[in-house]
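Reproduced below: protein.pdb, with PDB, C-alpha atoms.
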ATOM      1  CA  GLN A1270      -0.017 -12.980 -11.828
ATOM      2  CA  GLN A1271      -2.473 -12.314  -9.068
ATOM      3  CA  PRO A1272      -1.004 -11.955  -5.565
ATOM      4  CA  VAL A1273      -2.317 -14.305  -2.907
ATOM      5  CA  GLN A1274      -3.829 -12.826   0.211
ATOM      6  CA  SER A1275      -4.287 -14.569   3.525
ATOM      7  CA  PRO A1276      -6.395 -15.057   5.469
ATOM      8  CA  GLN A1277      -9.494 -14.824   3.277
ATOM      9  CA  ALA A1278     -11.516 -13.568   6.209
ATOM     10  CA  VAL A1279     -10.987 -12.662   9.835
ATOM     11  CA  ILE A1280     -13.337 -11.694  12.636
ATOM     12  CA  LEU A1281     -12.106  -9.574  15.511
ATOM     13  CA  ARG A1282     -13.467  -8.004  18.618
ATOM     14  CA  GLU A1283     -12.849  -4.305  18.970
ATOM     15  CA  GLY A1284      -9.346  -3.721  20.335
ATOM     16  CA  GLU A1285      -7.821  -6.908  18.938
ATOM     17  CA  ASP A1286      -4.958  -7.046  16.435
ATOM     18  CA  ALA A1287      -4.805  -8.559  12.962
ATOM     19  CA  VAL A1288      -2.223  -9.285  10.281
ATOM     20  CA  ILE A1289      -3.059  -9.594   6.584
ATOM     21  CA  ASN A1290      -0.515 -11.059   4.215
ATOM     22  CA  CYS A1291       0.039 -10.563   0.497
ATOM     23  CA  SER A1292       2.398 -12.820  -1.448
ATOM     24  CA  SER A1293       3.503 -12.746  -5.047
ATOM     25  CA  SER A1294       5.332 -15.201  -7.282
ATOM     26  CA  LYS A1295       6.880 -12.290  -9.173
ATOM     27  CA  ALA A1296       9.518  -9.818  -8.060
ATOM     28  CA  LEU A1297       7.785  -6.730  -6.782
ATOM     29  CA  TYR A1298       8.601  -3.070  -7.069
ATOM     30  CA  SER A1299       5.769  -1.782  -4.949
ATOM     31  CA  VAL A1300       2.757  -2.934  -2.971
ATOM     32  CA  HIS A1301      -0.351  -0.784  -2.574
ATOM     33  CA  TRP A1302      -2.881  -1.432   0.187
ATOM     34  CA  TYR A1303      -6.535  -0.437  -0.031
ATOM     35  CA  ARG A1304      -9.608  -0.888   2.136
ATOM     36  CA  GLN A1305     -13.044  -1.186   0.550
ATOM     37  CA  LYS A1306     -16.348  -1.048   2.357
ATOM     38  CA  HIS A1307     -19.371  -2.670   0.799
ATOM     39  CA  GLY A1308     -20.668  -0.689  -2.164
ATOM     40  CA  GLU A1309     -17.936   1.925  -1.915
ATOM     41  CA  ALA A1310     -14.721   2.767  -3.732
ATOM     42  CA  PRO A1311     -11.429   1.295  -2.557
ATOM     43  CA  VAL A1312      -9.698   3.763  -0.250
ATOM     44  CA  PHE A1313      -5.927   4.077  -0.369
ATOM     45  CA  LEU A1314      -4.043   3.146   2.796
ATOM     46  CA  MET A1315      -0.361   3.105   1.881
ATOM     47  CA  ILE A1316       2.319   2.244  -0.660
ATOM     48  CA  LEU A1317       5.435   0.243   0.134
ATOM     49  CA  LEU A1318       8.338   0.455  -2.251
ATOM     50  CA  LYS A1319      11.176  -1.906  -2.948
ATOM     51  CA  GLY A1320      14.017  -0.939  -0.666
ATOM     52  CA  GLY A1321      11.660   0.941   1.610
ATOM     53  CA  GLU A1322      11.054   0.363   5.258
ATOM     54  CA  GLN A1323       7.984  -0.414   7.211
ATOM     55  CA  LYS A1324       5.468   2.346   6.868
ATOM     56  CA  GLY A1325       2.357   3.389   8.626
ATOM     57  CA  HIS A1326       0.782   5.682  11.081
ATOM     58  CA  GLU A1327      -1.028   5.239  14.342
ATOM     59  CA  LYS A1328      -2.536   1.797  14.390
ATOM     60  CA  ILE A1329      -2.190   0.648  10.780
ATOM     61  CA  SER A1330       1.243  -0.191   9.446
ATOM     62  CA  ALA A1331       2.787  -2.453   6.829
ATOM     63  CA  SER A1332       6.033  -4.115   5.902
ATOM     64  CA  PHE A1333       7.557  -5.287   2.637
ATOM     65  CA  ASN A1334       9.885  -8.290   2.490
ATOM     66  CA  GLU A1335      11.575  -8.156  -0.904
ATOM     67  CA  LYS A1336      13.270 -11.536  -0.570
ATOM     68  CA  LYS A1337       9.997 -13.275   0.106
ATOM     69  CA  GLN A1338       8.049 -11.019  -2.284
ATOM     70  CA  GLN A1339       5.585 -10.520   0.497
ATOM     71  CA  SER A1340       3.910  -7.656   2.277
ATOM     72  CA  SER A1341       2.023  -7.683   5.544
ATOM     73  CA  LEU A1342      -0.532  -5.215   6.845
ATOM     74  CA  TYR A1343      -0.757  -4.811  10.616
ATOM     75  CA  LEU A1344      -3.872  -3.498  12.312
ATOM     76  CA  THR A1345      -3.517  -2.937  16.025
ATOM     77  CA  ALA A1346      -6.197  -2.162  18.579
ATOM     78  CA  SER A1347      -8.814  -2.530  15.865
ATOM     79  CA  GLN A1348     -11.788  -0.192  15.699
ATOM     80  CA  LEU A1349     -15.245  -0.804  14.303
ATOM     81  CA  SER A1350     -14.365   1.481  11.389
ATOM     82  CA  TYR A1351     -11.632  -0.934  10.288
ATOM     83  CA  SER A1352     -14.247  -3.365   9.007
ATOM     84  CA  GLY A1353     -14.123  -3.898   5.271
ATOM     85  CA  THR A1354     -12.258  -5.818   2.604
ATOM     86  CA  TYR A1355      -8.546  -5.208   2.363
ATOM     87  CA  PHE A1356      -6.820  -5.533  -0.998
ATOM     88  CA  CYS A1357      -3.184  -5.513  -1.893
ATOM     89  CA  GLY A1358      -2.247  -4.348  -5.362
ATOM     90  CA  THR A1359       1.164  -5.242  -6.679
ATOM     91  CA  ASP A1360       3.362  -3.675  -9.304
ATOM     92  CA  SER A1361       6.477  -5.216 -10.806
ATOM     93  CA  GLY A1362       8.171  -1.945 -11.678
ATOM     94  CA  GLY A1363       9.651  -0.704 -14.911
ATOM     95  CA  SER A1364       6.886   0.355 -17.218
ATOM     96  CA  ASN A1365       4.335  -1.652 -15.288
ATOM     97  CA  TYR A1366       2.056   0.990 -13.818
ATOM     98  CA  LYS A1367      -1.064  -1.094 -13.570
ATOM     99  CA  LEU A1368      -1.857  -2.801 -10.308
ATOM    100  CA  THR A1369      -2.670  -6.472  -9.998
ATOM    101  CA  PHE A1370      -4.953  -7.008  -7.034
ATOM    102  CA  GLY A1371      -5.440  -9.982  -4.771
ATOM    103  CA  LYS A1372      -8.882 -11.370  -4.008
ATOM    104  CA  GLY A1373      -9.077  -9.480  -0.759
ATOM    105  CA  THR A1374      -9.336 -10.193   2.949
ATOM    106  CA  LEU A1375     -12.688  -9.552   4.616
ATOM    107  CA  LEU A1376     -12.149  -8.049   8.056
ATOM    108  CA  THR A1377     -15.065  -7.806  10.471
ATOM    109  CA  VAL A1378     -14.666  -5.971  13.744
ATOM    110  CA  ASN A1379     -17.402  -6.581  16.277
ATOM    111  CA  PRO A1380     -18.114  -4.582  19.439
TER     112      PRO A1380
ATOM    113  CA  GLY B 751     -11.057  19.659  -5.986
ATOM    114  CA  ALA B 752     -13.344  16.701  -5.578
ATOM    115  CA  GLY B 753     -12.357  13.104  -6.002
ATOM    116  CA  VAL B 754     -12.911  10.816  -8.959
ATOM    117  CA  SER B 755     -16.525  10.741 -10.067
ATOM    118  CA  GLN B 756     -18.304   8.185 -12.229
ATOM    119  CA  THR B 757     -21.664   8.200 -13.924
ATOM    120  CA  PRO B 758     -24.068   6.560 -13.915
ATOM    121  CA  SER B 759     -23.774   4.869 -10.541
ATOM    122  CA  ASN B 760     -25.970   2.034 -11.782
ATOM    123  CA  LYS B 761     -26.762   0.866 -15.274
ATOM    124  CA  VAL B 762     -29.155  -1.899 -16.193
ATOM    125  CA  THR B 763     -29.237  -2.949 -19.817
ATOM    126  CA  GLU B 764     -30.359  -5.817 -21.957
ATOM    127  CA  LYS B 765     -28.093  -8.303 -23.621
ATOM    128  CA  GLY B 766     -26.878  -7.006 -26.960
ATOM    129  CA  LYS B 767     -27.223  -3.318 -26.131
ATOM    130  CA  TYR B 768     -24.518  -0.666 -26.184
ATOM    131  CA  VAL B 769     -23.465   1.186 -23.010
ATOM    132  CA  GLU B 770     -21.186   4.060 -22.133
ATOM    133  CA  LEU B 771     -19.657   4.609 -18.722
ATOM    134  CA  ARG B 772     -18.133   7.941 -17.801
ATOM    135  CA  CYS B 773     -15.216   8.807 -15.536
ATOM    136  CA  ASP B 774     -14.222  12.271 -14.375
ATOM    137  CA  PRO B 775     -10.758  12.086 -12.777
ATOM    138  CA  ILE B 776      -9.216  14.350 -10.190
ATOM    139  CA  SER B 777      -8.345  17.666 -11.799
ATOM    140  CA  GLY B 778      -4.776  17.750 -13.054
ATOM    141  CA  HIS B 779      -4.227  14.006 -12.957
ATOM    142  CA  THR B 780      -2.645  12.855 -16.187
ATOM    143  CA  ALA B 781      -3.048   9.131 -15.600
ATOM    144  CA  LEU B 782      -6.399   7.385 -15.725
ATOM    145  CA  TYR B 783      -7.170   3.700 -15.238
ATOM    146  CA  TRP B 784     -10.207   1.533 -15.758
ATOM    147  CA  TYR B 785     -10.678  -1.599 -13.671
ATOM    148  CA  ARG B 786     -13.472  -4.117 -13.474
ATOM    149  CA  GLN B 787     -14.494  -5.753 -10.218
ATOM    150  CA  SER B 788     -16.625  -8.855 -10.046
ATOM    151  CA  LEU B 789     -18.318 -10.006  -6.858
ATOM    152  CA  GLY B 790     -15.814 -11.303  -4.345
ATOM    153  CA  GLN B 791     -12.813 -10.336  -6.438
ATOM    154  CA  GLY B 792     -10.256  -7.584  -6.462
ATOM    155  CA  PRO B 793     -10.241  -4.937  -9.198
ATOM    156  CA  GLU B 794      -8.981  -6.251 -12.532
ATOM    157  CA  PHE B 795      -7.050  -3.913 -14.831
ATOM    158  CA  LEU B 796      -8.630  -3.002 -18.156
ATOM    159  CA  ILE B 797      -6.869   0.008 -19.667
ATOM    160  CA  TYR B 798      -4.523   2.837 -18.765
ATOM    161  CA  PHE B 799      -4.392   6.335 -20.259
ATOM    162  CA  GLN B 800      -1.505   8.741 -20.025
ATOM    163  CA  GLY B 801      -2.960  12.019 -21.205
ATOM    164  CA  THR B 802      -5.117  11.407 -24.247
ATOM    165  CA  GLY B 803      -3.471   8.203 -25.360
ATOM    166  CA  ALA B 804      -4.135   4.655 -24.274
ATOM    167  CA  ALA B 805      -0.723   3.577 -23.034
ATOM    168  CA  ASP B 806      -1.839   0.049 -22.224
ATOM    169  CA  ASP B 807      -5.104  -1.617 -23.228
ATOM    170  CA  SER B 808      -3.942  -5.155 -22.597
ATOM    171  CA  GLY B 809      -6.649  -5.766 -20.009
ATOM    172  CA  LEU B 810      -9.604  -5.184 -22.325
ATOM    173  CA  PRO B 811     -11.253  -8.605 -22.638
ATOM    174  CA  ASN B 812     -12.179  -8.348 -26.330
ATOM    175  CA  ASP B 813     -12.930  -5.898 -29.106
ATOM    176  CA  ARG B 814     -16.400  -5.151 -27.750
ATOM    177  CA  PHE B 815     -14.688  -2.960 -25.179
ATOM    178  CA  PHE B 816     -13.260   0.405 -26.100
ATOM    179  CA  ALA B 817     -12.287   3.513 -24.150
ATOM    180  CA  VAL B 818     -11.439   7.092 -25.065
ATOM    181  CA  ARG B 819     -10.081  10.149 -23.347
ATOM    182  CA  PRO B 820     -10.144  12.777 -26.100
ATOM    183  CA  GLU B 821      -9.066  15.821 -24.110
ATOM    184  CA  GLY B 822      -6.948  14.144 -21.485
ATOM    185  CA  SER B 823      -9.518  14.541 -18.746
ATOM    186  CA  VAL B 824     -12.891  12.782 -18.856
ATOM    187  CA  SER B 825     -12.848   9.215 -20.118
ATOM    188  CA  THR B 826     -15.618   7.039 -21.500
ATOM    189  CA  LEU B 827     -15.611   3.261 -21.459
ATOM    190  CA  LYS B 828     -17.777   1.871 -24.239
ATOM    191  CA  ILE B 829     -19.131  -1.655 -24.393
ATOM    192  CA  GLN B 830     -20.825  -2.942 -27.526
ATOM    193  CA  ARG B 831     -23.195  -5.903 -27.774
ATOM    194  CA  THR B 832     -23.218  -6.384 -24.031
ATOM    195  CA  GLU B 833     -23.259  -9.902 -22.616
ATOM    196  CA  ARG B 834     -24.407 -11.159 -19.224
ATOM    197  CA  GLY B 835     -20.790 -11.857 -18.345
ATOM    198  CA  ASP B 836     -20.053  -8.149 -18.597
ATOM    199  CA  SER B 837     -22.044  -7.554 -15.407
ATOM    200  CA  ALA B 838     -19.670  -6.126 -12.803
ATOM    201  CA  VAL B 839     -18.667  -2.910 -11.095
ATOM    202  CA  TYR B 840     -16.511  -0.782 -13.374
ATOM    203  CA  LEU B 841     -14.058   1.315 -11.409
ATOM    204  CA  CYS B 842     -12.088   4.283 -12.599
ATOM    205  CA  ALA B 843      -8.944   5.546 -10.899
ATOM    206  CA  SER B 844      -6.606   8.446 -11.513
ATOM    207  CA  SER B 845      -3.123   9.347 -10.399
ATOM    208  CA  GLU B 846      -1.062  12.476 -10.722
ATOM    209  CA  LEU B 847       1.647  11.356 -13.122
ATOM    210  CA  GLY B 848       1.095   7.678 -13.696
ATOM    211  CA  LEU B 849       4.268   6.667 -11.936
ATOM    212  CA  ALA B 850       4.396   3.234 -10.366
ATOM    213  CA  THR B 851       4.781   4.931  -7.003
ATOM    214  CA  ASP B 852       1.809   7.261  -7.407
ATOM    215  CA  THR B 853      -1.344   6.709  -5.433
ATOM    216  CA  GLN B 854      -4.278   5.646  -7.571
ATOM    217  CA  TYR B 855      -7.488   7.257  -6.322
ATOM    218  CA  PHE B 856     -10.624   5.318  -7.124
ATOM    219  CA  GLY B 857     -14.077   6.519  -7.991
ATOM    220  CA  PRO B 858     -17.261   4.953  -6.571
ATOM    221  CA  GLY B 859     -17.765   2.823  -9.656
ATOM    222  CA  THR B 860     -20.603   2.058 -12.037
ATOM    223  CA  ARG B 861     -22.525  -1.126 -11.353
ATOM    224  CA  LEU B 862     -23.434  -2.622 -14.717
ATOM    225  CA  THR B 863     -26.109  -5.282 -14.876
ATOM    226  CA  VAL B 864     -26.781  -7.011 -18.171
ATOM    227  CA  LEU B 865     -30.093  -8.849 -18.227
TER     228      LEU B 865
END

Structure re-expressed in structure tokens:
Amino acid sequence: QQPVQSPQAVILREGEDAVINCSSSKALYSVHWYRQKHGEAPVFLMILLKGGEQKGHEKISASFNEKKQQSSLYLTASQLSYSGTYFCGTDSGGSNYKLTFGKGTLLTVNP
Amino acid sequence: GAGVSQTPSNKVTEKGKYVELRCDPISGHTALYWYRQSLGQGPEFLIYFQGTGAADDSGLPNDRFFAVRPEGSVSTLKIQRTERGDSAVYLCASSELGLATDTQYFGPGTRLTVL
């Protein structure tokens, strides 16, 4: 089943923070985060695994709450280059290697 | 070397025609995936190859869709008797081993428009 992302869209001023959530009704093994700019390929950001800790680097990080079957992506001190649509792709483990993506969160960072 | 490449970047066809979309994965990647992305939606899984074999084709919408990967590298997605509802961006991704924890690297996609 498709994970649910929230919010659907968010508008920030440069330097502001944002949180994007991804929730699933199924138990998750891993969550994959991607950013896609208009007309371009999705670009990998990070993977979070069941039993893993919060991951990230510099100003983009993410967490994975196994009990809630939820992941959150944190963008701090946003930059203009952060604009795009963020997708979470979920995997339920075992032999499930295909990702099921949410509908995306459109992030717009303005000067 | 380079990332995942897809050709053509755009394809316009008429309803009822046959089309082929090509994907060239990252060299050495054994796993290859096809996804379809409609406007305002996330990528939707179509088929997964491990080597030359289709390990999972459960996402193909009907028997008009078929994909091959004869030598375990380049893959071709084939659509027969195209319909207007087939219009979408077709994305290809590859990963090193096809493990659930592997990063899937996406190509730029082929935008298919069926008139």

>> Report, in Å with one decimal, the straight-line distance from CA of Phe1313 (chain A) to CA of Glu821 (chain B).
In response: 26.7 Å

Applying the ChimeraX specification (/A :<8) & /B to the file I just gave you, which residues come out? Please list them as a PDB file with C-alpha atoms, in the frame of the given file.
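Once written, expr-v6.pdb looks like this:
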ATOM      1  CA  TYR B 783      -7.170   3.700 -15.238  1.00  0.00           C
ATOM      2  CA  GLY B 790     -15.814 -11.303  -4.345  1.00  0.00           C
ATOM      3  CA  GLN B 791     -12.813 -10.336  -6.438  1.00  0.00           C
ATOM      4  CA  GLY B 792     -10.256  -7.584  -6.462  1.00  0.00           C
ATOM      5  CA  PRO B 793     -10.241  -4.937  -9.198  1.00  0.00           C
ATOM      6  CA  GLU B 794      -8.981  -6.251 -12.532  1.00  0.00           C
ATOM      7  CA  PHE B 795      -7.050  -3.913 -14.831  1.00  0.00           C
ATOM      8  CA  TYR B 798      -4.523   2.837 -18.765  1.00  0.00           C
ATOM      9  CA  LEU B 841     -14.058   1.315 -11.409  1.00  0.00           C
ATOM     10  CA  GLY B 848       1.095   7.678 -13.696  1.00  0.00           C
ATOM     11  CA  LEU B 849       4.268   6.667 -11.936  1.00  0.00           C
ATOM     12  CA  ALA B 850       4.396   3.234 -10.366  1.00  0.00           C
ATOM     13  CA  THR B 851       4.781   4.931  -7.003  1.00  0.00           C
ATOM     14  CA  THR B 853      -1.344   6.709  -5.433  1.00  0.00           C
ATOM     15  CA  GLN B 854      -4.278   5.646  -7.571  1.00  0.00           C
ATOM     16  CA  TYR B 855      -7.488   7.257  -6.322  1.00  0.00           C
ATOM     17  CA  PHE B 856     -10.624   5.318  -7.124  1.00  0.00           C
ATOM     18  CA  GLY B 857     -14.077   6.519  -7.991  1.00  0.00           C
ATOM     19  CA  PRO B 858     -17.261   4.953  -6.571  1.00  0.00           C
ATOM     20  CA  GLY B 859     -17.765   2.823  -9.656  1.00  0.00           C
TER      21      GLY B 859
END

> When the PyMOL selection byres ((chain A and resi 1341) around 9) is applied to the file above, which residues end up in the set, as a list in words?
Replying inline: Val1288, Ile1289, Asn1290, Cys1291, Ser1292, Ser1330, Ala1331, Ser1332, Phe1333, Asn1334, Gln1339, Ser1340, Leu1342 and Tyr1343 of chain A

Axis-aligned box for region 770-775 of chain B, 5 Å per side, centre and edges in Å as JSON:
{"center_x": -16.0, "center_y": 8.2, "center_z": -17.5, "size_x": 20.4, "size_y": 18.2, "size_z": 19.4}

Expected selection from the PyMOL selection byres ((chain B and resi 827) around 10), given as a CSV table (one decimal) with C-alpha atoms, in the frame of the given file:
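selection-v1.csv, written as the output of this step:
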chain,number,residue,atom,x,y,z
B,769,VAL,CA,-23.5,1.2,-23.0
B,770,GLU,CA,-21.2,4.1,-22.1
B,771,LEU,CA,-19.7,4.6,-18.7
B,772,ARG,CA,-18.1,7.9,-17.8
B,773,CYS,CA,-15.2,8.8,-15.5
B,784,TRP,CA,-10.2,1.5,-15.8
B,796,LEU,CA,-8.6,-3.0,-18.2
B,797,ILE,CA,-6.9,0.0,-19.7
B,815,PHE,CA,-14.7,-3.0,-25.2
B,816,PHE,CA,-13.3,0.4,-26.1
B,817,ALA,CA,-12.3,3.5,-24.2
B,818,VAL,CA,-11.4,7.1,-25.1
B,819,ARG,CA,-10.1,10.1,-23.3
B,825,SER,CA,-12.8,9.2,-20.1
B,826,THR,CA,-15.6,7.0,-21.5
B,828,LYS,CA,-17.8,1.9,-24.2
B,829,ILE,CA,-19.1,-1.7,-24.4
B,840,TYR,CA,-16.5,-0.8,-13.4
B,842,CYS,CA,-12.1,4.3,-12.6

>> Given all atoms listed in the file as the basis, pick out the residue of A:Lys1306, A:Thr1345, A:Glu1283, A:Ser1293 nearest to Gln1270 (chain A).
In response: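 The shortest atom-to-atom distance to Gln1270 (chain A) comes from A:Ser1293.
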
>> Just the number, please: distance in Å from CA of Pro1272 (chain A) to CA of Gly801 (chain B), one decimal.
In response: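 A separation of 28.7 Å between them.
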
> CA of Ala781 (chain B) and CA of Leu810 (chain B) are how many Å apart?
Replying inline: 17.1 Å

>> Using all atoms listed in the file and a cutoff of 10 Å, can you tell me which residues are near (1.6, 12.3, -14.2) in the file's coordinates, and write them out as a PyMOL selection string?
In response: chain B and resi 778-782+800-801+844-849+852

>> Here's a test: counting only C-alpha atoms, identify every protein, DNA and RNA residue with an atom at most 10 Å from (-23.1, 10.5, -14.6) in the file's coordinate frame, and state them as a list in words.
In response: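 Protein and nucleic acid residues near the point are Ser755, Gln756, Thr757, Pro758, Ser759, Asn760, Leu771, Arg772, Cys773, Asp774 and Thr860 of chain B.
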